[in-house]
>>> print(open('data_18.txt').read())   # compact mmCIF, C-alpha atoms
# COMPACT_ATOMS: atom_id res chain seq x y z
CA MET A 1 -26.17 -7.90 -0.92
CA LEU A 2 -24.96 -9.78 2.15
CA ALA A 3 -21.77 -10.89 0.39
CA ALA A 4 -20.95 -7.39 -0.84
CA SER A 5 -21.82 -5.72 2.48
CA VAL A 6 -19.80 -8.11 4.65
CA SER A 7 -16.72 -8.06 2.43
CA PHE A 8 -16.90 -4.26 2.11
CA LEU A 9 -17.13 -3.65 5.85
CA LEU A 10 -14.43 -6.17 6.70
CA VAL A 11 -11.95 -4.71 4.22
CA LEU A 12 -12.88 -1.13 5.07
CA THR A 13 -12.21 -1.67 8.78
CA GLY A 14 -9.45 -4.25 8.41
CA THR A 15 -7.20 -2.37 5.99
CA PRO A 16 -5.95 0.16 8.63
CA VAL A 17 -4.85 -2.80 10.76
CA ALA A 18 -3.04 -4.29 7.77
CA ILE A 19 -1.34 -0.94 7.11
CA ARG A 20 0.06 -0.87 10.65
CA VAL A 21 1.26 -4.49 10.46
CA LEU A 22 2.89 -4.05 7.06
CA ARG A 23 4.61 -0.86 8.18
CA ARG A 24 5.94 -2.58 11.28
CA LYS A 25 7.35 -5.38 9.11
CA LYS A 26 8.67 -2.78 6.64
CA TYR A 27 6.86 -4.38 3.72
CA GLY A 28 6.92 -1.23 1.62
CA GLN A 29 6.72 -0.66 -2.12
CA TYR A 30 9.90 -0.20 -4.13
CA ILE A 31 9.64 2.16 -7.10
CA ARG A 32 11.21 1.38 -10.47
CA GLU A 33 14.11 3.70 -11.19
CA ASP A 34 12.98 4.54 -14.74
CA GLY A 35 9.46 5.49 -13.66
CA PRO A 36 7.96 8.98 -13.33
CA GLN A 37 9.88 11.06 -10.80
CA ALA A 38 6.67 11.98 -8.98
CA HIS A 39 6.29 8.34 -7.90
CA PHE A 40 9.42 8.31 -5.74
CA VAL A 41 7.48 9.90 -2.87
CA LYS A 42 5.45 6.66 -2.75
CA ARG A 43 8.49 4.59 -1.85
CA GLY A 44 7.84 2.64 1.33
CA THR A 45 4.03 2.72 1.08
CA PRO A 46 2.76 -0.61 2.47
CA THR A 47 2.10 -3.19 -0.23
CA MET A 48 0.56 -6.69 -0.44
CA GLY A 49 -2.82 -5.19 0.51
CA GLY A 50 -4.39 -7.75 -1.79
CA LEU A 51 -4.26 -10.11 1.19
CA VAL A 52 -6.97 -7.99 2.82
CA ILE A 53 -9.08 -8.12 -0.36
CA LEU A 54 -8.79 -11.91 -0.48
CA ALA A 55 -9.65 -12.29 3.21
CA GLY A 56 -12.67 -9.99 2.95
CA ALA A 57 -13.97 -11.67 -0.20
CA ALA A 58 -13.58 -15.14 1.35
CA VAL A 59 -15.46 -14.20 4.52
CA GLY A 60 -18.18 -12.41 2.55
CA TYR A 61 -18.62 -15.44 0.32
CA LEU A 62 -18.83 -17.85 3.26
CA ILE A 63 -21.17 -15.77 5.42
CA SER A 64 -23.53 -15.07 2.52
CA HIS A 65 -24.07 -18.80 2.13
CA LEU A 66 -24.59 -19.38 5.82
CA GLY A 67 -27.32 -16.74 5.84
CA ALA A 68 -28.75 -17.42 2.38
CA THR A 69 -32.52 -17.68 2.11
CA GLY A 70 -32.96 -17.23 -1.65
CA GLY A 71 -31.50 -20.48 -2.88
CA ALA A 72 -27.77 -19.67 -2.90
CA ARG A 73 -25.72 -22.81 -2.29
CA PHE A 74 -22.07 -23.69 -2.52
CA SER A 75 -21.46 -24.90 -6.05
CA ALA A 76 -18.64 -26.36 -8.11
CA SER A 77 -18.54 -23.24 -10.30
CA GLY A 78 -18.45 -20.84 -7.36
CA LEU A 79 -15.76 -22.78 -5.55
CA LEU A 80 -13.74 -23.06 -8.77
CA ALA A 81 -13.93 -19.30 -9.25
CA MET A 82 -12.85 -18.64 -5.66
CA GLY A 83 -10.08 -21.21 -5.95
CA THR A 84 -8.78 -19.50 -9.09
CA ILE A 85 -8.88 -16.11 -7.37
CA PHE A 86 -6.86 -17.41 -4.43
CA ALA A 87 -4.41 -19.29 -6.66
CA MET A 88 -3.71 -16.12 -8.63
CA GLY A 89 -3.46 -14.20 -5.36
CA LEU A 90 -0.87 -16.70 -4.12
CA LEU A 91 1.17 -16.23 -7.29
CA GLY A 92 1.02 -12.49 -6.78
CA PHE A 93 1.98 -12.86 -3.12
CA VAL A 94 5.15 -14.73 -4.08
CA ASP A 95 5.98 -11.92 -6.49
CA ASP A 96 5.34 -9.24 -3.85
CA TYR A 97 7.30 -11.09 -1.17
CA LEU A 98 10.35 -11.36 -3.41
CA LYS A 99 10.18 -7.61 -4.00
CA VAL A 100 10.06 -6.64 -0.33
CA SER A 101 12.52 -9.30 0.85
CA LYS A 102 15.09 -8.47 -1.83
CA ARG A 103 14.34 -4.74 -1.60
CA ARG A 104 13.79 -4.20 -5.30
CA SER A 105 10.95 -3.28 -7.69
CA LEU A 106 11.07 -6.61 -9.53
CA GLY A 107 9.88 -9.92 -8.09
CA LEU A 108 9.22 -12.98 -10.21
CA ASN A 109 10.67 -12.80 -13.70
CA LYS A 110 8.30 -12.89 -16.68
CA THR A 111 8.90 -16.56 -17.40
CA ALA A 112 8.14 -17.65 -13.83
CA LYS A 113 4.98 -15.56 -13.71
CA ILE A 114 3.70 -16.92 -17.03
CA LEU A 115 4.46 -20.50 -15.96
CA GLY A 116 2.52 -19.91 -12.76
CA GLN A 117 -0.44 -18.61 -14.72
CA LEU A 118 -0.20 -21.61 -17.06
CA VAL A 119 -0.30 -24.05 -14.15
CA ILE A 120 -3.37 -22.31 -12.73
CA ALA A 121 -5.07 -22.31 -16.15
CA VAL A 122 -4.41 -26.03 -16.64
CA ALA A 123 -5.76 -26.79 -13.16
CA PHE A 124 -8.83 -24.68 -13.95
CA ALA A 125 -9.41 -26.53 -17.24
CA PHE A 126 -9.20 -29.98 -15.66
CA THR A 127 -11.42 -28.95 -12.75
CA LEU A 128 -14.05 -27.40 -15.00
CA GLY A 129 -17.13 -29.61 -15.24
CA PRO A 130 -18.92 -30.64 -18.44
CA THR A 131 -20.41 -27.23 -19.19
CA GLN A 132 -20.89 -25.72 -22.63
CA ALA A 133 -17.90 -23.51 -21.91
CA ARG A 134 -15.88 -26.71 -21.72
CA GLN A 135 -15.39 -26.94 -25.48
CA GLU A 136 -16.40 -23.65 -27.03
CA ILE A 137 -15.41 -20.05 -27.48
CA SER A 138 -18.32 -17.90 -26.36
CA PHE A 139 -19.45 -14.29 -26.47
CA ILE A 140 -22.67 -14.20 -24.47
CA ARG A 141 -23.71 -17.74 -25.25
CA PRO A 142 -21.72 -20.51 -27.00
CA LEU A 143 -20.82 -19.65 -30.60
CA GLY A 144 -20.33 -23.21 -31.74
CA VAL A 145 -16.56 -22.81 -32.18
CA ALA A 146 -15.41 -26.01 -30.50
CA LEU A 147 -11.75 -26.06 -29.48
CA GLY A 148 -11.45 -29.50 -27.92
CA VAL A 149 -8.17 -29.90 -26.05
CA LEU A 150 -7.09 -26.47 -27.30
CA PHE A 151 -9.62 -25.02 -24.89
CA VAL A 152 -6.91 -25.33 -22.22
CA LEU A 153 -4.81 -22.82 -24.15
CA TRP A 154 -7.88 -20.62 -24.58
CA ILE A 155 -8.40 -20.63 -20.80
CA PHE A 156 -4.74 -19.74 -20.27
CA LEU A 157 -5.04 -16.85 -22.73
CA ILE A 158 -8.12 -15.47 -20.94
CA ILE A 159 -6.77 -15.79 -17.40
CA ALA A 160 -3.27 -14.58 -18.27
CA SER A 161 -4.53 -11.63 -20.33
CA ALA A 162 -7.02 -10.53 -17.69
CA SER A 163 -4.60 -10.81 -14.77
CA ASN A 164 -1.72 -9.15 -16.62
CA GLY A 165 -4.00 -6.38 -17.85
CA VAL A 166 -5.12 -5.54 -14.31
CA ASN A 167 -1.53 -5.87 -13.11
CA LEU A 168 -0.32 -3.32 -15.68
CA ALA A 169 -3.13 -0.92 -14.75
CA ASP A 170 -2.03 -1.07 -11.12
CA GLY A 171 0.50 1.73 -11.56
CA LEU A 172 -1.52 4.66 -10.25
CA ASP A 173 -3.31 5.02 -6.91
CA GLY A 174 -6.70 3.32 -7.12
CA LEU A 175 -6.71 2.92 -10.92
CA ALA A 176 -6.81 -0.88 -11.02
CA CYS A 177 -8.82 -1.30 -7.83
CA GLY A 178 -11.50 1.22 -8.82
CA SER A 179 -11.89 -0.04 -12.38
CA GLY A 180 -11.77 -3.63 -11.15
CA ALA A 181 -14.63 -2.95 -8.73
CA MET A 182 -16.67 -1.67 -11.66
CA VAL A 183 -16.03 -4.84 -13.68
CA MET A 184 -17.02 -6.96 -10.66
CA GLY A 185 -20.21 -4.89 -10.41
CA ALA A 186 -20.93 -5.67 -14.06
CA TYR A 187 -20.52 -9.37 -13.36
CA VAL A 188 -22.94 -9.12 -10.44
CA ILE A 189 -25.52 -7.89 -12.95
CA ILE A 190 -24.60 -10.48 -15.60
CA THR A 191 -24.59 -13.48 -13.29
CA PHE A 192 -27.81 -12.54 -11.52
CA TRP A 193 -29.45 -11.88 -14.90
CA GLN A 194 -28.39 -15.35 -16.01
CA PHE A 195 -29.88 -16.78 -12.83
CA ARG A 196 -33.21 -15.04 -13.42
CA HIS A 197 -33.39 -15.95 -17.11
CA ALA A 198 -31.58 -19.29 -17.24
CA CYS A 199 -33.19 -22.43 -18.64
CA GLY A 200 -30.85 -25.05 -17.27
CA THR A 201 -28.22 -25.69 -19.90
CA ALA A 202 -30.59 -25.33 -22.83
CA GLN A 203 -30.02 -22.83 -25.60
CA ALA A 204 -33.65 -21.84 -25.95
CA LEU A 205 -34.52 -18.31 -27.01
CA GLY A 206 -34.08 -15.79 -24.26
CA CYS A 207 -32.13 -18.16 -22.05
CA TYR A 208 -28.57 -17.87 -20.79
CA PRO A 209 -27.02 -21.30 -20.23
CA ALA A 210 -24.61 -20.93 -17.32
CA ARG A 211 -24.30 -23.35 -14.43
CA HIS A 212 -24.54 -22.12 -10.83
CA SER A 213 -25.02 -18.51 -11.90
CA LEU A 214 -26.45 -17.47 -8.52
CA ASP A 215 -23.34 -18.66 -6.71
CA LEU A 216 -21.19 -16.84 -9.28
CA ALA A 217 -23.20 -13.71 -8.49
CA VAL A 218 -22.17 -14.14 -4.85
CA VAL A 219 -18.51 -14.50 -5.91
CA SER A 220 -18.78 -11.32 -7.97
CA ALA A 221 -20.47 -9.43 -5.14
CA SER A 222 -17.83 -10.56 -2.66
CA MET A 223 -15.04 -9.27 -4.90
CA LEU A 224 -16.98 -6.07 -5.57
CA GLY A 225 -17.39 -5.33 -1.86
CA ALA A 226 -13.78 -6.21 -1.05
CA SER A 227 -12.43 -4.04 -3.88
CA ALA A 228 -14.64 -1.10 -2.93
CA GLY A 229 -13.61 -1.34 0.72
CA PHE A 230 -9.95 -1.42 -0.23
CA LEU A 231 -10.35 1.50 -2.64
CA TRP A 232 -11.24 3.69 0.35
CA TRP A 233 -7.60 3.42 1.47
CA ASN A 234 -6.04 2.87 -1.96
CA ALA A 235 -7.46 6.02 -3.58
CA ALA A 236 -4.96 8.83 -4.23
CA PRO A 237 -2.94 9.49 -2.21
CA ALA A 238 -2.81 5.78 -1.43
CA LYS A 239 -2.19 4.63 2.13
CA ILE A 240 -1.59 1.07 0.88
CA PHE A 241 -1.08 -0.75 -2.41
CA MET A 242 -2.73 -4.05 -3.26
CA GLY A 243 0.40 -5.25 -5.08
CA ASP A 244 0.45 -8.23 -7.41
CA THR A 245 -1.38 -10.16 -4.70
CA GLY A 246 -4.46 -8.08 -5.38
CA SER A 247 -4.09 -7.28 -9.07
CA LEU A 248 -3.50 -10.88 -10.17
CA ALA A 249 -6.38 -12.07 -7.97
CA LEU A 250 -8.71 -9.44 -9.38
CA GLY A 251 -7.72 -10.26 -12.95
CA GLY A 252 -8.06 -13.97 -12.21
CA ALA A 253 -11.59 -13.33 -10.96
CA MET A 254 -12.48 -11.64 -14.25
CA GLY A 255 -11.04 -14.47 -16.32
CA ALA A 256 -12.72 -17.20 -14.28
CA LEU A 257 -16.10 -15.45 -14.32
CA ALA A 258 -15.87 -14.86 -18.08
CA ILE A 259 -15.30 -18.56 -18.73
CA LEU A 260 -17.93 -19.80 -16.29
CA THR A 261 -20.61 -17.39 -17.56
CA ASN A 262 -19.98 -17.90 -21.29
CA THR A 263 -18.90 -14.26 -21.69
CA GLN A 264 -15.31 -14.86 -22.69
CA LEU A 265 -15.24 -12.48 -25.66
CA LEU A 266 -17.52 -10.01 -23.89
CA LEU A 267 -14.76 -9.59 -21.29
CA ILE A 268 -12.72 -7.83 -24.00
CA VAL A 269 -15.39 -5.12 -24.01
CA LEU A 270 -16.06 -5.04 -20.26
CA GLY A 271 -12.33 -4.87 -19.57
CA GLY A 272 -11.67 -2.40 -22.37
CA LEU A 273 -9.43 -0.31 -20.11
CA TYR A 274 -7.14 -3.29 -19.52
CA VAL A 275 -7.07 -4.06 -23.23
CA VAL A 276 -5.77 -0.52 -23.81
CA GLU A 277 -3.15 -0.89 -21.05
CA LEU A 278 -1.94 -4.28 -22.26
CA SER A 279 -1.96 -3.23 -25.92
CA SER A 280 0.13 -0.16 -25.16
CA VAL A 281 2.89 -2.34 -23.69
CA VAL A 282 2.80 -4.77 -26.62
CA LEU A 283 2.89 -1.93 -29.17
CA GLN A 284 5.73 -0.22 -27.31
CA VAL A 285 7.85 -3.39 -27.33
CA VAL A 286 7.09 -4.23 -30.98
CA SER A 287 7.75 -0.68 -32.16
CA TYR A 288 11.07 -0.46 -30.31
CA ARG A 289 12.34 -3.86 -31.46
CA ILE A 290 11.32 -3.45 -35.11
CA PHE A 291 11.69 0.28 -35.74
CA GLY A 292 13.95 1.30 -32.86
CA ARG A 293 11.41 3.90 -31.76
CA ARG A 294 9.01 4.16 -28.84
CA LEU A 295 5.37 4.98 -29.55
CA PHE A 296 4.80 6.33 -26.04
CA LEU A 297 6.96 8.27 -23.64
CA MET A 298 6.50 5.32 -21.30
CA ALA A 299 4.32 2.22 -21.15
CA PRO A 300 1.80 1.28 -19.83
CA ILE A 301 -0.01 4.19 -21.40
CA HIS A 302 -1.12 5.85 -18.15
CA HIS A 303 2.54 6.76 -17.53
CA HIS A 304 2.67 8.37 -20.97
CA PHE A 305 0.03 10.88 -19.93
CA GLU A 306 1.79 11.48 -16.62
CA LEU A 307 4.98 12.38 -18.49
CA LEU A 308 2.94 14.69 -20.72
CA GLY A 309 2.19 16.69 -17.58
CA TRP A 310 -1.25 15.40 -16.59
CA PRO A 311 -1.72 15.29 -12.79
CA GLU A 312 -1.93 11.73 -11.51
CA PHE A 313 -5.47 12.13 -10.23
CA THR A 314 -6.57 13.49 -13.62
CA VAL A 315 -5.19 10.41 -15.35
CA ILE A 316 -6.90 8.13 -12.84
CA VAL A 317 -10.34 9.71 -13.16
CA ARG A 318 -10.21 9.88 -16.94
CA PHE A 319 -9.16 6.26 -17.17
CA TRP A 320 -11.98 5.36 -14.78
CA ILE A 321 -14.34 7.10 -17.19
CA ILE A 322 -12.97 5.03 -20.08
CA GLY A 323 -13.41 1.88 -18.02
CA ALA A 324 -16.97 2.81 -17.04
CA LEU A 325 -17.94 3.56 -20.66
CA ALA A 326 -16.53 0.20 -21.77
CA ILE A 327 -18.55 -1.56 -19.07
CA ALA A 328 -21.73 0.31 -20.01
CA PHE A 329 -21.22 -0.65 -23.65
CA GLY A 330 -20.56 -4.28 -22.67
CA LEU A 331 -23.72 -4.47 -20.57
CA GLY A 332 -25.63 -2.92 -23.45
CA LEU A 333 -24.36 -5.66 -25.77
CA PHE A 334 -25.31 -8.27 -23.19
CA TYR A 335 -28.88 -6.98 -22.90
CA GLY A 336 -29.18 -6.34 -26.64
CA GLU A 337 -28.29 -9.94 -27.41
CA PHE A 338 -30.88 -11.10 -24.90
CA ILE A 339 -33.60 -9.07 -26.63
CA THR A 340 -32.45 -10.20 -30.09
CA ALA A 341 -32.60 -13.82 -28.98
CA GLY A 342 -36.20 -13.41 -27.92
CA GLY A 343 -35.88 -12.53 -24.27
CA THR A 344 -38.67 -10.68 -22.54
CA GLY A 345 -36.51 -8.58 -20.17
>>> encode(input="data_18.txt", output="structure tokens")
Amino acid sequence: MLAASVSFLLVLTGTPVAIRVLRRKKYGQYIREDGPQAHFVKRGTPTMGGLVILAGAAVGYLISHLGATGGARFSASGLLAMGTIFAMGLLGFVDDYLKVSKRRSLGLNKTAKILGQLVIAVAFAFTLGPTQARQEISFIRPLGVALGVLFVLWIFLIIASASNGVNLADGLDGLACGSGAMVMGAYVIITFWQFRHACGTAQALGCYPARHSLDLAVVSASMLGASAGFLWWNAAPAKIFMGDTGSLALGGAMGALAILTNTQLLLIVLGGLYVVELSSVVLQVVSYRIFGRRLFLMAPIHHHFELLGWPEFTVIVRFWIIGALAIAFGLGLFYGEFITAGGTG
């Protein structure tokens, strides 16, 4: 509660200051020329607001440990998660800075961005301690599918997919930030549940083997509070955009938490909205290159509905509903597996 409250208040009150600074430096968003015409009015809206999210989450995480009375301590898993979040945020910052400095809607090219994500994933894999997630694909607990050295590629797939999914969803005011806050809220529940029902690293019935789950709950709460505070200013009509700095950091948080909590495959359900967004882009590209036809008027799919005539706010709210339903279903699967395994609730 302390982590979420501190990060929320800091970002809520600090974002207006960031808006003024970014406007003074003329760090405004550039709109892609082939995008929906309604978006051109957003040109010049301050971007790189993800810096405020990162700052708020970091302070919330630190202060919550300084005032912790319930056993929360700095841990290798918590610091690894925060390090991954900031590394992804740095990658996004480079992308955003290239956009504003070169006055265009494109920053890093796809190859550079993927290479950056690969470097972060490799660093994550080599920093990861000897947990059960070290070698295995997992859903809610390890499935026994050991990958060995291929686990590095598995980590890259998770982190890259999560960060790119959130990045693609960040095309409408508050869509990515609002849905991302909901996913972080889900991980607050998951990590604290693991803390309350953990049995070390054993796989006994009713136990969730995850190291340092209480500290991961603090990480999740810090990102939840920071995202919610930023959403206050990012909701339509947005006063500021979080840019790739925020979207890659938020997606990196999801990927890191999924790996560290043994919920890698469950993230596909919890982040169902991002799966839809990412899949729409893949299907659009494949359809055009193979059949010479586009499946959607524009990808990602939220732009398709805009071009169909849906008001932007309608698309945002309906996609939030889809995201919330996916999260509710994912939490249901999480609890259902706990009961099936012999948990007492």
>>> residues_around(input="data_18.txt", residues="Leu278 of chain A", least_positions_apart="4", cutoff="8 Å", atoms="only C-alpha atoms", output="PDB file with C-alpha atoms, keeping the file's coordinate frame")
ATOM      1  CA  ASN A 164      -1.720  -9.150 -16.620  1.00  0.00           C
ATOM      2  CA  GLY A 165      -4.000  -6.380 -17.850  1.00  0.00           C
ATOM      3  CA  LEU A 168      -0.320  -3.320 -15.680  1.00  0.00           C
ATOM      4  CA  TYR A 274      -7.140  -3.290 -19.520  1.00  0.00           C
ATOM      5  CA  VAL A 282       2.800  -4.770 -26.620  1.00  0.00           C
ATOM      6  CA  PRO A 300       1.800   1.280 -19.830  1.00  0.00           C
TER       7      PRO A 300
END
>>> atom_distance(input="data_18.txt", atom1="atom CA of Gly255 of chain A", atom2="atom CA of Phe156 of chain A")
9.1 Å
>>> atom_distance(input="data_18.txt", atom1="atom CA of Ile63 of chain A", atom2="atom CA of Gly225 of chain A")
13.3 Å
>>> atom_distance(input="data_18.txt", atom1="atom CA of Met88 of chain A", atom2="atom CA of Ala226 of chain A")
16.0 Å
>>> closest_atom_pairs(input="data_18.txt", of="segment 225-259 of chain A", to="segment 310-333 of chain A", cutoff="10 Å", atoms="all atoms listed in the file", output="JSON lines")
{"residue": "A:Ala235", "atom": "CA", "partner": "A:Phe313", "partner_atom": "CA", "distance": 9.2}
{"residue": "A:Ala236", "atom": "CA", "partner": "A:Phe313", "partner_atom": "CA", "distance": 6.9}
{"residue": "A:Pro237", "atom": "CA", "partner": "A:Phe313", "partner_atom": "CA", "distance": 8.8}
>>> residues_around(input="data_18.txt", residues="segment 283-285 of chain A", least_positions_apart="3", cutoff="12 Å", atoms="only C-alpha atoms", output="PyMOL selection string")
chain A and resi 275-280+288-301+304
>>> axis_aligned_box(input="data_18.txt", around="segment 326-333 of chain A", padding_each_side="8 Å", output="AutoDock Vina command-line options")
--center_x -21.1 --center_y -2.7 --center_z -22.4 --size_x 25.1 --size_y 22.0 --size_z 22.7
>>> residues_around(input="data_18.txt", residues="Phe124 of chain A", least_positions_apart="2", cutoff="12 Å", atoms="only C-alpha atoms", output="PDB file with C-alpha atoms, in the frame of the given file")
ATOM      1  CA  ALA A  76     -18.640 -26.360  -8.110  1.00  0.00           C
ATOM      2  CA  SER A  77     -18.540 -23.240 -10.300  1.00  0.00           C
ATOM      3  CA  LEU A  79     -15.760 -22.780  -5.550  1.00  0.00           C
ATOM      4  CA  LEU A  80     -13.740 -23.060  -8.770  1.00  0.00           C
ATOM      5  CA  ALA A  81     -13.930 -19.300  -9.250  1.00  0.00           C
ATOM      6  CA  MET A  82     -12.850 -18.640  -5.660  1.00  0.00           C
ATOM      7  CA  GLY A  83     -10.080 -21.210  -5.950  1.00  0.00           C
ATOM      8  CA  THR A  84      -8.780 -19.500  -9.090  1.00  0.00           C
ATOM      9  CA  ILE A  85      -8.880 -16.110  -7.370  1.00  0.00           C
ATOM     10  CA  ALA A  87      -4.410 -19.290  -6.660  1.00  0.00           C
ATOM     11  CA  MET A  88      -3.710 -16.120  -8.630  1.00  0.00           C
ATOM     12  CA  GLN A 117      -0.440 -18.610 -14.720  1.00  0.00           C
ATOM     13  CA  LEU A 118      -0.200 -21.610 -17.060  1.00  0.00           C
ATOM     14  CA  VAL A 119      -0.300 -24.050 -14.150  1.00  0.00           C
ATOM     15  CA  ILE A 120      -3.370 -22.310 -12.730  1.00  0.00           C
ATOM     16  CA  ALA A 121      -5.070 -22.310 -16.150  1.00  0.00           C
ATOM     17  CA  VAL A 122      -4.410 -26.030 -16.640  1.00  0.00           C
ATOM     18  CA  PHE A 126      -9.200 -29.980 -15.660  1.00  0.00           C
ATOM     19  CA  THR A 127     -11.420 -28.950 -12.750  1.00  0.00           C
ATOM     20  CA  LEU A 128     -14.050 -27.400 -15.000  1.00  0.00           C
ATOM     21  CA  GLY A 129     -17.130 -29.610 -15.240  1.00  0.00           C
ATOM     22  CA  ARG A 134     -15.880 -26.710 -21.720  1.00  0.00           C
ATOM     23  CA  PHE A 151      -9.620 -25.020 -24.890  1.00  0.00           C
ATOM     24  CA  VAL A 152      -6.910 -25.330 -22.220  1.00  0.00           C
ATOM     25  CA  LEU A 153      -4.810 -22.820 -24.150  1.00  0.00           C
ATOM     26  CA  TRP A 154      -7.880 -20.620 -24.580  1.00  0.00           C
ATOM     27  CA  ILE A 155      -8.400 -20.630 -20.800  1.00  0.00           C
ATOM     28  CA  PHE A 156      -4.740 -19.740 -20.270  1.00  0.00           C
ATOM     29  CA  ILE A 158      -8.120 -15.470 -20.940  1.00  0.00           C
ATOM     30  CA  ILE A 159      -6.770 -15.790 -17.400  1.00  0.00           C
ATOM     31  CA  GLY A 252      -8.060 -13.970 -12.210  1.00  0.00           C
ATOM     32  CA  GLY A 255     -11.040 -14.470 -16.320  1.00  0.00           C
ATOM     33  CA  ALA A 256     -12.720 -17.200 -14.280  1.00  0.00           C
ATOM     34  CA  LEU A 257     -16.100 -15.450 -14.320  1.00  0.00           C
ATOM     35  CA  ILE A 259     -15.300 -18.560 -18.730  1.00  0.00           C
ATOM     36  CA  LEU A 260     -17.930 -19.800 -16.290  1.00  0.00           C
TER      37      LEU A 260
END
>>> residues_around(input="data_18.txt", residues="Leu216 of chain A", least_positions_apart="5", cutoff="12 Å", atoms="only C-alpha atoms", output="NGL selection string")
:A and (3 or 61 or 65 or 72-82 or 184 or 187-195 or 210-211 or 221-223 or 253-254 or 256-261)
>>> build_atoms(input="data_18.txt", residues="segment 16-28 of chain A", atoms="N, CA, C and O atoms", output="CSV table (one decimal), in the coordinates of the input")
chain,number,residue,atom,x,y,z
A,16,PRO,N,-6.8,-0.6,7.7
A,16,PRO,CA,-6.0,0.2,8.6
A,16,PRO,C,-5.1,-0.7,9.5
A,16,PRO,O,-3.9,-0.4,9.8
A,17,VAL,N,-5.6,-1.9,10.0
A,17,VAL,CA,-4.8,-2.8,10.8
A,17,VAL,C,-3.7,-3.4,9.9
A,17,VAL,O,-2.6,-3.5,10.4
A,18,ALA,N,-4.1,-3.7,8.7
A,18,ALA,CA,-3.0,-4.3,7.8
A,18,ALA,C,-1.9,-3.3,7.5
A,18,ALA,O,-0.8,-3.6,7.4
A,19,ILE,N,-2.3,-2.0,7.4
A,19,ILE,CA,-1.3,-0.9,7.1
A,19,ILE,C,-0.3,-0.9,8.2
A,19,ILE,O,0.9,-0.8,8.0
A,20,ARG,N,-0.8,-0.9,9.5
A,20,ARG,CA,0.1,-0.9,10.6
A,20,ARG,C,1.0,-2.1,10.7
A,20,ARG,O,2.2,-2.0,11.0
A,21,VAL,N,0.5,-3.3,10.4
A,21,VAL,CA,1.3,-4.5,10.5
A,21,VAL,C,2.3,-4.5,9.4
A,21,VAL,O,3.5,-4.8,9.6
A,22,LEU,N,1.9,-4.1,8.2
A,22,LEU,CA,2.9,-4.0,7.1
A,22,LEU,C,4.0,-3.0,7.3
A,22,LEU,O,5.1,-3.2,6.9
A,23,ARG,N,3.6,-1.9,7.9
A,23,ARG,CA,4.6,-0.9,8.2
A,23,ARG,C,5.6,-1.4,9.2
A,23,ARG,O,6.8,-1.1,9.1
A,24,ARG,N,5.1,-2.1,10.2
A,24,ARG,CA,5.9,-2.6,11.3
A,24,ARG,C,6.9,-3.6,10.7
A,24,ARG,O,8.1,-3.7,11.1
A,25,LYS,N,6.5,-4.4,9.7
A,25,LYS,CA,7.4,-5.4,9.1
A,25,LYS,C,8.2,-4.8,8.0
A,25,LYS,O,9.0,-5.5,7.4
A,26,LYS,N,7.9,-3.5,7.7
A,26,LYS,CA,8.7,-2.8,6.6
A,26,LYS,C,8.5,-3.4,5.3
A,26,LYS,O,9.4,-3.5,4.5
A,27,TYR,N,7.2,-3.8,5.0
A,27,TYR,CA,6.9,-4.4,3.7
A,27,TYR,C,6.3,-3.2,2.9
A,27,TYR,O,5.2,-3.1,2.6
A,28,GLY,N,7.3,-2.4,2.4
A,28,GLY,CA,6.9,-1.2,1.6
A,28,GLY,C,7.2,-1.4,0.1
A,28,GLY,O,8.0,-2.2,-0.3
